[in-house]
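The file final_20.pdb comes next; it holds PDB, C-alpha atoms.
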ATOM      1  CA  MET L  26       0.000   0.000   0.000
ATOM      2  CA  GLY L  27       2.859   2.364   0.814
ATOM      3  CA  ALA L  28       4.399   1.832  -2.631
ATOM      4  CA  ALA L  29       1.063   2.567  -4.286
ATOM      5  CA  VAL L  30       0.866   5.834  -2.364
ATOM      6  CA  GLU L  31       4.422   6.770  -3.354
ATOM      7  CA  SER L  32       3.751   6.086  -7.030
ATOM      8  CA  GLY L  33       0.494   8.025  -6.980
ATOM      9  CA  ASP L  34      -1.598   4.960  -7.829
ATOM     10  CA  LEU L  35      -3.633   5.065  -4.603
ATOM     11  CA  TYR L  36      -6.201   7.815  -4.154
ATOM     12  CA  PHE L  37      -8.557   8.714  -1.318
ATOM     13  CA  GLU L  38     -11.234  11.304  -0.938
ATOM     14  CA  PRO L  39     -10.136  14.267   1.202
ATOM     15  CA  LYS L  40     -10.330  13.451   4.927
ATOM     16  CA  ALA L  41     -10.939   9.740   4.202
ATOM     17  CA  ALA L  42      -7.296   8.899   4.895
ATOM     18  CA  GLN L  43      -7.507  10.830   8.156
ATOM     19  CA  ARG L  44     -10.543   8.789   9.208
ATOM     20  CA  CYS L  45      -8.747   5.567   8.239
ATOM     21  CA  ALA L  46      -5.697   6.565  10.301
ATOM     22  CA  GLN L  47      -7.956   7.288  13.288
ATOM     23  CA  ARG L  48      -9.674   3.924  12.894
ATOM     24  CA  CYS L  49      -6.265   2.212  12.790
ATOM     25  CA  ALA L  50      -5.308   3.945  16.052
ATOM     26  CA  GLU L  51      -8.544   2.730  17.649
ATOM     27  CA  PHE L  52      -7.928  -0.809  16.382
ATOM     28  CA  ILE L  53      -4.363  -0.791  17.743
ATOM     29  CA  ASP L  54      -5.748   0.238  21.129
ATOM     30  CA  HIS L  55      -8.213  -2.671  20.969
ATOM     31  CA  LEU L  56      -5.452  -5.117  19.989
ATOM     32  CA  GLU L  57      -3.220  -3.920  22.836
ATOM     33  CA  LYS L  58      -6.037  -4.488  25.330
ATOM     34  CA  LEU L  59      -6.619  -7.928  23.857
ATOM     35  CA  GLN L  60      -2.913  -8.686  24.096
ATOM     36  CA  PHE L  61      -2.943  -7.769  27.777
ATOM     37  CA  GLU L  62      -5.807 -10.212  28.339
ATOM     38  CA  VAL L  63      -4.006 -12.953  26.392
ATOM     39  CA  LYS L  64      -0.898 -12.581  28.556
ATOM     40  CA  ARG L  65      -3.054 -13.439  31.556
ATOM     41  CA  LEU L  66      -3.769 -16.778  29.883
ATOM     42  CA  GLY L  67      -0.097 -17.675  30.224
ATOM     43  CA  LYS L  68      -0.980 -19.469  33.447
ATOM     44  CA  ILE L  69      -3.952 -21.788  33.323
ATOM     45  CA  ASP L  70      -5.300 -23.698  36.269
ATOM     46  CA  GLY L  71      -8.343 -25.877  36.531
ATOM     47  CA  PHE L  72      -6.824 -28.987  34.975
ATOM     48  CA  GLY L  73      -5.338 -30.058  38.266
ATOM     49  CA  ASP L  74      -1.758 -30.816  39.148
ATOM     50  CA  ARG L  75      -1.976 -34.474  40.050
ATOM     51  CA  LEU L  76      -2.566 -36.157  36.707
ATOM     52  CA  PRO L  77       0.197 -35.827  34.125
ATOM     53  CA  SER L  78      -2.405 -35.462  31.379
ATOM     54  CA  GLY L  79      -3.963 -32.470  33.151
ATOM     55  CA  VAL L  80      -0.579 -30.805  33.581
ATOM     56  CA  ALA L  81       0.299 -31.501  29.938
ATOM     57  CA  LEU L  82      -3.015 -30.113  28.720
ATOM     58  CA  ALA L  83      -2.667 -26.947  30.804
ATOM     59  CA  THR L  84       0.888 -26.446  29.520
ATOM     60  CA  LYS L  85      -0.250 -26.876  25.915
ATOM     61  CA  PHE L  86      -2.979 -24.228  26.306
ATOM     62  CA  GLU L  87      -0.598 -21.878  28.122
ATOM     63  CA  LYS L  88       1.901 -22.106  25.248
ATOM     64  CA  LYS L  89      -0.839 -21.377  22.720
ATOM     65  CA  ALA L  90      -1.576 -18.157  24.594
ATOM     66  CA  SER L  91       1.993 -17.031  25.274
ATOM     67  CA  GLY L  92       5.500 -18.317  24.735
ATOM     68  CA  GLY L  93       4.825 -21.158  22.315
ATOM     69  CA  ASP L  94       5.378 -21.461  18.579
ATOM     70  CA  TYR L  95       3.561 -18.453  17.089
ATOM     71  CA  SER L  96       1.408 -18.031  20.147
ATOM     72  CA  MET L  97      -1.582 -15.707  20.337
ATOM     73  CA  ASP L  98       0.433 -12.882  21.909
ATOM     74  CA  GLN L  99       2.938 -13.048  19.026
ATOM     75  CA  ALA L 100       0.140 -13.075  16.448
ATOM     76  CA  ILE L 101      -1.389  -9.983  18.055
ATOM     77  CA  THR L 102       2.013  -8.255  18.093
ATOM     78  CA  ASP L 103       2.334  -8.951  14.363
ATOM     79  CA  HIS L 104      -1.168  -7.578  13.752
ATOM     80  CA  ILE L 105      -0.299  -4.418  15.679
ATOM     81  CA  LYS L 106       2.789  -3.888  13.503
ATOM     82  CA  VAL L 107       0.763  -4.211  10.293
ATOM     83  CA  VAL L 108      -2.016  -1.899  11.476
ATOM     84  CA  LEU L 109       0.590   0.639  12.631
ATOM     85  CA  GLU L 110       2.146   0.579   9.143
ATOM     86  CA  MET L 111      -1.313   1.118   7.674
ATOM     87  CA  GLN L 112      -1.925   4.035  10.045
ATOM     88  CA  GLN L 113       1.371   5.646   9.049
ATOM     89  CA  THR L 114       0.494   5.235   5.371
ATOM     90  CA  PHE L 115      -2.902   6.867   5.861
ATOM     91  CA  GLU L 116      -1.278   9.713   7.787
ATOM     92  CA  LYS L 117       1.179  10.188   4.929
ATOM     93  CA  ILE L 118      -1.678  10.338   2.433
ATOM     94  CA  GLU L 119      -3.458  12.944   4.541
ATOM     95  CA  ALA L 120      -0.248  14.987   4.812
ATOM     96  CA  MET L 121       0.132  14.852   1.029
ATOM     97  CA  TYR L 122      -3.445  16.127   0.635
ATOM     98  CA  ALA L 123      -2.795  18.956   3.089
ATOM     99  CA  ALA L 124       0.440  19.958   1.335
ATOM    100  CA  SER L 125      -1.295  19.924  -2.039
ATOM    101  CA  GLU L 126      -4.152  22.027  -0.680
ATOM    102  CA  ASP L 127      -1.681  24.512   0.804
ATOM    103  CA  ARG L 128       0.178  24.789  -2.518
ATOM    104  CA  GLY L 129      -3.092  25.322  -4.383
ATOM    105  CA  THR L 130      -4.263  27.972  -1.908
ATOM    106  CA  ALA L 131      -0.909  29.768  -2.049
ATOM    107  CA  GLY L 132      -1.018  29.722  -5.856
ATOM    108  CA  ILE L 133      -4.522  31.172  -5.962
ATOM    109  CA  ASN L 134      -3.663  33.811  -3.352
ATOM    110  CA  SER L 135      -0.512  34.881  -5.196
ATOM    111  CA  ALA L 136      -2.324  35.026  -8.543
ATOM    112  CA  GLY L 137      -4.957  37.365  -7.160
ATOM    113  CA  ALA L 138      -2.548  39.582  -5.199
ATOM    114  CA  PRO L 139      -1.851  42.173  -7.943
ATOM    115  CA  LEU L 140      -5.558  42.712  -8.541
TER     116      LEU L 140
END

Could you express the structure from this file as structure tokens?
Amino acid sequence: MGAAVESGDLYFEPKAAQRCAQRCAEFIDHLEKLQFEVKRLGKIDGFGDRLPSGVALATKFEKKASGGDYSMDQAITDHIKVVLEMQQTFEKIEAMYAASEDRGTAGINSAGAPL
């Protein structure tokens, strides 16, 4: 998406990119709250500690939440990175719109100055 913005192949209506960037920020906040909750799942009880199968099952679920191979907390971290990149891209688009608007306004103002 960033490359499409750089090349000029991606267009948005004015203020749409700003709204998208805001929505990304809200989604990142939601993901961070979810990640906090997932970290609490790193210790699971309720399967008991007497039977080896209960201990093994609890450990397996704990690793799925945090610390295992591509656990939920890692997946959420990866999602946050992607959404942050999207937010930065939308902010860049909005800045490009603002700069273009400023150039256009300055051009119109300078053209009418001698009148």

Which residues, written as a compact mmCIF listing (two decimals) with C-alpha atoms, in the frame of the given file, have at least one atom at most 12 Å from His104 of chain L, with all atoms listed in the file counted and residues fewer than 5 positions away on the same chain left out?
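What follows is the written file selection_4.txt:
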# COMPACT_ATOMS: atom_id res chain seq x y z
CA CYS L 49 -6.26 2.21 12.79
CA PHE L 52 -7.93 -0.81 16.38
CA ILE L 53 -4.36 -0.79 17.74
CA ASP L 54 -5.75 0.24 21.13
CA HIS L 55 -8.21 -2.67 20.97
CA LEU L 56 -5.45 -5.12 19.99
CA GLU L 57 -3.22 -3.92 22.84
CA LEU L 59 -6.62 -7.93 23.86
CA GLN L 60 -2.91 -8.69 24.10
CA MET L 97 -1.58 -15.71 20.34
CA ASP L 98 0.43 -12.88 21.91
CA GLN L 99 2.94 -13.05 19.03
CA LEU L 109 0.59 0.64 12.63
CA GLU L 110 2.15 0.58 9.14
CA MET L 111 -1.31 1.12 7.67

Once the PyMOL selection byres ((chain L and resi 78-95) around 12) has been applied to the shown file, what residues remain in the selection, as a ChimeraX atom specification?
/L:59-77,96-103

For the residues selected in the previous step, produce a file with C-alpha atoms as a short mmCIF file (atom, residue, chain, number, x, y, z; two decimals), in the frame of the given file.
data_model
loop_
_atom_site.label_atom_id
_atom_site.label_comp_id
_atom_site.auth_asym_id
_atom_site.auth_seq_id
_atom_site.Cartn_x
_atom_site.Cartn_y
_atom_site.Cartn_z
CA LEU L 59 -6.62 -7.93 23.86
CA GLN L 60 -2.91 -8.69 24.10
CA PHE L 61 -2.94 -7.77 27.78
CA GLU L 62 -5.81 -10.21 28.34
CA VAL L 63 -4.01 -12.95 26.39
CA LYS L 64 -0.90 -12.58 28.56
CA ARG L 65 -3.05 -13.44 31.56
CA LEU L 66 -3.77 -16.78 29.88
CA GLY L 67 -0.10 -17.68 30.22
CA LYS L 68 -0.98 -19.47 33.45
CA ILE L 69 -3.95 -21.79 33.32
CA ASP L 70 -5.30 -23.70 36.27
CA GLY L 71 -8.34 -25.88 36.53
CA PHE L 72 -6.82 -28.99 34.98
CA GLY L 73 -5.34 -30.06 38.27
CA ASP L 74 -1.76 -30.82 39.15
CA ARG L 75 -1.98 -34.47 40.05
CA LEU L 76 -2.57 -36.16 36.71
CA PRO L 77 0.20 -35.83 34.12
CA SER L 96 1.41 -18.03 20.15
CA MET L 97 -1.58 -15.71 20.34
CA ASP L 98 0.43 -12.88 21.91
CA GLN L 99 2.94 -13.05 19.03
CA ALA L 100 0.14 -13.08 16.45
CA ILE L 101 -1.39 -9.98 18.06
CA THR L 102 2.01 -8.26 18.09
CA ASP L 103 2.33 -8.95 14.36
#

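The shortest atom-to-atom distance to Thr114 of chain L, with only C-alpha atoms taken into account, belongs to L:Ala42 out of L:Ala136, L:Ala50, L:Ala131, L:Ala42.
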
For the file shown, report as a PDB file with C-alpha atoms, in the coordinates of the input the outcome of the PyMOL selection byres ((chain L and resi 31-38) around 10) at residue level.
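Just written: expr-v8.pdb:
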ATOM      1  CA  MET L  26       0.000   0.000   0.000  1.00  0.00           C
ATOM      2  CA  GLY L  27       2.859   2.364   0.814  1.00  0.00           C
ATOM      3  CA  ALA L  28       4.399   1.832  -2.631  1.00  0.00           C
ATOM      4  CA  ALA L  29       1.063   2.567  -4.286  1.00  0.00           C
ATOM      5  CA  VAL L  30       0.866   5.834  -2.364  1.00  0.00           C
ATOM      6  CA  PRO L  39     -10.136  14.267   1.202  1.00  0.00           C
ATOM      7  CA  LYS L  40     -10.330  13.451   4.927  1.00  0.00           C
ATOM      8  CA  ALA L  41     -10.939   9.740   4.202  1.00  0.00           C
ATOM      9  CA  ALA L  42      -7.296   8.899   4.895  1.00  0.00           C
ATOM     10  CA  GLN L  43      -7.507  10.830   8.156  1.00  0.00           C
ATOM     11  CA  THR L 114       0.494   5.235   5.371  1.00  0.00           C
ATOM     12  CA  PHE L 115      -2.902   6.867   5.861  1.00  0.00           C
ATOM     13  CA  LYS L 117       1.179  10.188   4.929  1.00  0.00           C
ATOM     14  CA  ILE L 118      -1.678  10.338   2.433  1.00  0.00           C
ATOM     15  CA  GLU L 119      -3.458  12.944   4.541  1.00  0.00           C
ATOM     16  CA  TYR L 122      -3.445  16.127   0.635  1.00  0.00           C
TER      17      TYR L 122
END
